[in-house]
2 protein chains.
Amino acid sequence: MTDTIISSANKEVVIGFDRPFVVIGERINPTGRKLLAEEMKAGDYARVQSDALAQVEAGAGILDVNAGIPLADEPAILAECIRLIQSITDVPLCIDSSIVAALEAGLEAYQGKALLNSVTGEDERLEAVLPLVRKYGCAVVAISNDDSGISEDVNVRFEVARKIVERAMDHGIPASDVIVDPLVMPIGAINSAGQQVMHLVRRLRDELKVNTTCGASNLSFGLPNRDGLNAAFISMAIGSGMTSAITNPLHGNLMQAVRGANVVMGHDAECAAWIHSYRDPDSGEAPRRGRRGGRRRRVEKH
Amino acid sequence: MTDTIISSANKEVVIGFDRPFVVIGERINPTGRKLLAEEMKAGDYARVQSDALAQVEAGAGILDVNAGIPLADEPAILAECIRLIQSITDVPLCIDSSIVAALEAGLEAYQGKALLNSVTGEDERLEAVLPLVRKYGCAVVAISNDDSGISEDVNVRFEVARKIVERAMDHGIPASDVIVDPLVMPIGAINSAGQQVMHLVRRLRDELKVNTTCGASNLSFGLPNRDGLNAAFISMAIGSGMTSAITNPLHGNLMQAVRGANVVMGHDAECAAWIHSYRDPDSGEAPRRGRRGGRRRRVEKH
């Protein structure tokens, strides 16, 4: 029964074994978004703001913020984005960078207990990031690769996760503030990728007692109808015990799969969130088919 | 590693632990379909035929056939439907009746190894149905209620299943020819209904080594957007080891969830079935959102 508390100045979000699944909105990230990158570099944050609000509206519990733009002052831009987003929403943030100086600038700017994205099992990264986690009292995403890269062997990935959790504890950071990403491989290349994740999530939960997260859309890389496959995968990951994911809440099929999984897990008391989301018959995520099916059935009954 | 073979005269379908999930199409059932009931009673089977073909086209691996019409000659109608359906499709059938004489008439008419639906843990039903299963060499759906009704206690439901499997073995029927339905309760009434099913499916698989099935849509009874909730549930049930379900293959959201779960389980070699179903970009089950998302992303990259 592990709870990880992430907060803004006014709001707490709890990622936990017996809690509704937390979607960490991934949209505020210039990687692969050329227009957003240019705007952010030029100090134009209108799209950052609208993306933040749209993701919160769609159901994100936390927003990931990344400012990784080549040849830009990433620490300054990340800090500025964080201040700006915290001025328009009270949803807690996940501070995301590969550059340690940017992580620290983000933590300096942040109000509350952030989620830091990320530390890996690489020794240099561990010794650079964990002191920041300790100093700022935040939580951290731990990605299960190390100096030898990403192993295809799930047991190696599990041992990397264990090493990070133990090293965090050496730094005075509780295991409950480490959220492990077991790494999701493209299933088009590795047929066992889905089974790997479900197996690792169970072990991480049962043996290390940690919360988990993942980049949910990696699984469907290279395949058609990615939204549909991601939806099935995220329901199954939740069923195996995954407690959060960094993904796109604007994909309605995916959010429906998350809300449905919360109901099936018994984490949506009296199905209140489900009923709130879908009580309008036009609100379903596949309305054409849903309505057609409904009409057909009614006709046949009379 | 349990395989249950169901066949028609020319075609085998295998329900098994390491196989793609088998959808048993539920549509040929006059319960709650007044028009269909009237037509069947009058000897008009045009809708039975079109429902059979539509379900096969949509991906059903087996078709359930039920002729439970009040004040009609159910054994004769069921046998006639079975002969007719077997003349137009080679998909194996599931012979479904609460009346033992109808089950036997269906078995007499059937070409191949049928699935019989169903036996329960009630002593009278066990002793009426199991001799038929033995005589005709078919497989049987075992529903985990008994003379005391349906228990809300999963341990009681598990023990009823164990009793049916043991009684079947006493009759010379192998456990691999018993497919247990652990009974899915409405989650709007029983918050733990989803967890119950996932827990029972794992135990039935690990301890009794049997295949499983369920009426997948029971879970969502009384809730809005049932198709969406059923989709999340069926993915999660497959993730916990369920190997078949009696459900409606005409619901595209549900079939997408089944196909996606097959991929995630590693039961769709090289994702071939997924790619075949969705390689046309317009074939996704949530096309409006899927296409809109695609356009938005492309615009932002340039």
# chains A, B, ... in the order shown; residues from 1 in each chain; ligands from 1

$ residues_around --residues "range 264-269 of chain A" --least-positions-apart "3" --cutoff "8 Å" --atoms "only C-alpha atoms" --output "mmCIF file with N, CA, C and O atoms, in the first residue's frame"
data_model
loop_
_atom_site.group_PDB
_atom_site.id
_atom_site.type_symbol
_atom_site.label_atom_id
_atom_site.label_comp_id
_atom_site.auth_asym_id
_atom_site.auth_seq_id
_atom_site.Cartn_x
_atom_site.Cartn_y
_atom_site.Cartn_z
ATOM 1 N N ASP A 18 -3.996 1.797 -4.261
ATOM 2 C CA ASP A 18 -5.454 1.698 -4.173
ATOM 3 C C ASP A 18 -6.129 3.003 -4.554
ATOM 4 O O ASP A 18 -7.170 3.358 -3.994
ATOM 5 N N ARG A 19 -5.528 3.697 -5.512
ATOM 6 C CA ARG A 19 -6.029 5.006 -5.943
ATOM 7 C C ARG A 19 -6.385 4.950 -7.422
ATOM 8 O O ARG A 19 -5.853 4.132 -8.157
ATOM 9 N N PRO A 20 -7.228 5.897 -7.863
ATOM 10 C CA PRO A 20 -7.429 6.007 -9.311
ATOM 11 C C PRO A 20 -6.086 6.272 -10.002
ATOM 12 O O PRO A 20 -5.209 6.944 -9.454
ATOM 13 N N GLY A 239 -4.567 -3.099 -14.821
ATOM 14 C CA GLY A 239 -4.991 -4.373 -14.231
ATOM 15 C C GLY A 239 -3.845 -5.118 -13.561
ATOM 16 O O GLY A 239 -4.046 -5.832 -12.581
ATOM 17 N N GLY A 260 -12.311 3.429 -17.494
ATOM 18 C CA GLY A 260 -12.928 2.099 -17.397
ATOM 19 C C GLY A 260 -12.122 1.189 -16.483
ATOM 20 O O GLY A 260 -12.680 0.448 -15.672
ATOM 21 N N ALA A 261 -10.799 1.260 -16.610
ATOM 22 C CA ALA A 261 -9.945 0.425 -15.754
ATOM 23 C C ALA A 261 -10.093 0.826 -14.286
ATOM 24 O O ALA A 261 -10.088 -0.031 -13.395
ATOM 25 N N ALA A 272 -18.719 6.873 -9.797
ATOM 26 C CA ALA A 272 -19.108 8.278 -9.911
ATOM 27 C C ALA A 272 -18.356 8.995 -11.037
ATOM 28 O O ALA A 272 -18.960 9.771 -11.792
ATOM 29 N N ALA A 273 -17.057 8.743 -11.151
ATOM 30 C CA ALA A 273 -16.287 9.431 -12.201
ATOM 31 C C ALA A 273 -16.730 8.951 -13.586
ATOM 32 O O ALA A 273 -16.843 9.740 -14.522
ATOM 33 N N TRP A 274 -16.990 7.648 -13.700
ATOM 34 C CA TRP A 274 -17.453 7.105 -14.989
ATOM 35 C C TRP A 274 -18.794 7.722 -15.383
ATOM 36 O O TRP A 274 -18.984 8.175 -16.524
ATOM 37 N N ILE B 187 -20.964 -4.076 -11.765
ATOM 38 C CA ILE B 187 -20.030 -3.331 -10.907
ATOM 39 C C ILE B 187 -20.688 -2.079 -10.339
ATOM 40 O O ILE B 187 -20.220 -1.534 -9.341
ATOM 41 N N ASN B 191 -18.902 -3.108 -6.058
ATOM 42 C CA ASN B 191 -17.708 -2.371 -6.462
ATOM 43 C C ASN B 191 -16.515 -3.288 -6.752
ATOM 44 O O ASN B 191 -15.636 -2.958 -7.538
ATOM 45 N N SER B 192 -16.488 -4.463 -6.116
ATOM 46 C CA SER B 192 -15.346 -5.369 -6.294
ATOM 47 C C SER B 192 -15.559 -6.371 -7.439
ATOM 48 O O SER B 192 -14.767 -7.299 -7.607
ATOM 49 N N ALA B 193 -16.622 -6.199 -8.224
ATOM 50 C CA ALA B 193 -16.967 -7.204 -9.244
ATOM 51 C C ALA B 193 -15.829 -7.450 -10.237
ATOM 52 O O ALA B 193 -15.580 -8.586 -10.643
ATOM 53 N N GLY B 194 -15.120 -6.402 -10.628
ATOM 54 C CA GLY B 194 -14.027 -6.557 -11.585
ATOM 55 C C GLY B 194 -12.852 -7.303 -10.956
ATOM 56 O O GLY B 194 -12.300 -8.240 -11.546
ATOM 57 N N GLN B 195 -12.481 -6.904 -9.755
ATOM 58 C CA GLN B 195 -11.394 -7.583 -9.034
ATOM 59 C C GLN B 195 -11.742 -9.049 -8.809
ATOM 60 O O GLN B 195 -10.874 -9.919 -8.892
ATOM 61 N N ALA B 232 -12.791 -1.860 -21.752
ATOM 62 C CA ALA B 232 -11.723 -1.846 -20.737
ATOM 63 C C ALA B 232 -11.736 -3.156 -19.955
ATOM 64 O O ALA B 232 -10.690 -3.768 -19.717
ATOM 65 N N PHE B 233 -12.930 -3.609 -19.584
ATOM 66 C CA PHE B 233 -13.031 -4.845 -18.791
ATOM 67 C C PHE B 233 -12.490 -6.047 -19.549
ATOM 68 O O PHE B 233 -11.750 -6.870 -18.992
#

$ residues_around --residues "Asp90 in chain A" --least-positions-apart "2" --cutoff "8 Å" --atoms "only C-alpha atoms" --output "list in words"
Ser8, Ala9, Asn10, Lys11, Gln86, Ser87, Ile88 and Pro92 of chain A

$ atom_distance --atom1 "CA of Leu208 in chain B" --atom2 "CA of Val141 in chain B"
14.4 Å

$ select_by_dssp --residues "range 21-258 of chain B" --states "strand (DSSP E)" --output "MDAnalysis selection string"
chainID B and resid 22:28 62:66 93:96 115:120 139:143 178:181 211:212 244:247

$ residues_around --residues "range 201-205 of chain B" --least-positions-apart "5" --cutoff "7 Å" --atoms "only C-alpha atoms" --output "list in words"
Val210, Asn211, Thr212, Ser240, Gly241 and Met242 of chain B

$ residues_around --residues "Ser151 in chain B" --least-positions-apart "6" --cutoff "10 Å" --atoms "only C-alpha atoms" --output "list of chain:residue names"
B:Ser144, B:Asn145, B:Arg157, B:Phe158, B:Val160, B:Leu183

$ write_last_selection --atoms "all heavy atoms" --output "PDB file, in the first residue's frame"
ATOM      1  N   SER B 144     -20.633 -21.021 -12.365  1.00  0.00           N
ATOM      2  CA  SER B 144     -20.285 -21.298 -10.968  1.00  0.00           C
ATOM      3  C   SER B 144     -21.351 -20.864  -9.961  1.00  0.00           C
ATOM      4  O   SER B 144     -21.062 -20.193  -8.984  1.00  0.00           O
ATOM      5  CB  SER B 144     -18.932 -20.675 -10.628  1.00  0.00           C
ATOM      6  OG  SER B 144     -18.887 -19.321 -11.012  1.00  0.00           O
ATOM      7  N   ASN B 145     -22.594 -21.269 -10.222  1.00  0.00           N
ATOM      8  CA  ASN B 145     -23.615 -21.156  -9.169  1.00  0.00           C
ATOM      9  C   ASN B 145     -24.133 -22.563  -8.887  1.00  0.00           C
ATOM     10  O   ASN B 145     -23.954 -23.481  -9.690  1.00  0.00           O
ATOM     11  CB  ASN B 145     -24.761 -20.242  -9.599  1.00  0.00           C
ATOM     12  CG  ASN B 145     -25.562 -20.808 -10.746  1.00  0.00           C
ATOM     13  OD1 ASN B 145     -25.053 -20.928 -11.848  1.00  0.00           O
ATOM     14  ND2 ASN B 145     -26.812 -21.154 -10.507  1.00  0.00           N
ATOM     15  N   ARG B 157     -17.686 -19.376  -5.124  1.00  0.00           N
ATOM     16  CA  ARG B 157     -17.824 -19.578  -6.570  1.00  0.00           C
ATOM     17  C   ARG B 157     -16.695 -20.464  -7.096  1.00  0.00           C
ATOM     18  O   ARG B 157     -16.904 -21.314  -7.966  1.00  0.00           O
ATOM     19  CB  ARG B 157     -17.862 -18.225  -7.322  1.00  0.00           C
ATOM     20  CG  ARG B 157     -19.011 -17.320  -6.859  1.00  0.00           C
ATOM     21  CD  ARG B 157     -19.712 -16.569  -7.976  1.00  0.00           C
ATOM     22  NE  ARG B 157     -18.919 -15.586  -8.675  1.00  0.00           N
ATOM     23  CZ  ARG B 157     -18.667 -14.339  -8.255  1.00  0.00           C
ATOM     24  NH1 ARG B 157     -19.142 -13.928  -7.085  1.00  0.00           N
ATOM     25  NH2 ARG B 157     -17.976 -13.509  -8.990  1.00  0.00           N
ATOM     26  N   PHE B 158     -15.498 -20.284  -6.544  1.00  0.00           N
ATOM     27  CA  PHE B 158     -14.388 -21.144  -6.965  1.00  0.00           C
ATOM     28  C   PHE B 158     -14.658 -22.602  -6.597  1.00  0.00           C
ATOM     29  O   PHE B 158     -14.418 -23.513  -7.394  1.00  0.00           O
ATOM     30  CB  PHE B 158     -13.074 -20.679  -6.318  1.00  0.00           C
ATOM     31  CG  PHE B 158     -11.899 -21.520  -6.729  1.00  0.00           C
ATOM     32  CD1 PHE B 158     -11.266 -21.299  -7.940  1.00  0.00           C
ATOM     33  CD2 PHE B 158     -11.452 -22.559  -5.923  1.00  0.00           C
ATOM     34  CE1 PHE B 158     -10.197 -22.087  -8.340  1.00  0.00           C
ATOM     35  CE2 PHE B 158     -10.385 -23.356  -6.316  1.00  0.00           C
ATOM     36  CZ  PHE B 158      -9.757 -23.119  -7.527  1.00  0.00           C
ATOM     37  N   VAL B 160     -17.549 -24.056  -6.217  1.00  0.00           N
ATOM     38  CA  VAL B 160     -18.584 -24.589  -7.109  1.00  0.00           C
ATOM     39  C   VAL B 160     -17.941 -25.017  -8.439  1.00  0.00           C
ATOM     40  O   VAL B 160     -18.229 -26.100  -8.968  1.00  0.00           O
ATOM     41  CB  VAL B 160     -19.703 -23.551  -7.355  1.00  0.00           C
ATOM     42  CG1 VAL B 160     -20.668 -24.046  -8.427  1.00  0.00           C
ATOM     43  CG2 VAL B 160     -20.468 -23.262  -6.057  1.00  0.00           C
ATOM     44  N   LEU B 183     -18.826 -16.018 -13.400  1.00  0.00           N
ATOM     45  CA  LEU B 183     -19.948 -15.122 -13.182  1.00  0.00           C
ATOM     46  C   LEU B 183     -19.495 -13.677 -12.927  1.00  0.00           C
ATOM     47  O   LEU B 183     -18.806 -13.381 -11.961  1.00  0.00           O
ATOM     48  CB  LEU B 183     -20.849 -15.605 -12.031  1.00  0.00           C
ATOM     49  CG  LEU B 183     -21.727 -16.809 -12.408  1.00  0.00           C
ATOM     50  CD1 LEU B 183     -22.324 -17.459 -11.173  1.00  0.00           C
ATOM     51  CD2 LEU B 183     -22.835 -16.369 -13.359  1.00  0.00           C
TER      52      LEU B 183
END

$ closest_residue --among "B:Arg27, B:Arg167, B:Arg134, B:Lys34" --to "chain A" --atoms "only C-alpha atoms"
B:Lys34

$ select_by_dssp --residues "range 138-222 of chain B" --states "helix (DSSP H, G or I)" --output "number ranges by chain"
B: 154-170, 175-177, 193-206, 216-220

$ closest_residue --among "A:Arg83, A:Arg162, A:Arg259, A:Lys209" --to "Asn230 in chain B" --atoms "only C-alpha atoms"
A:Arg259
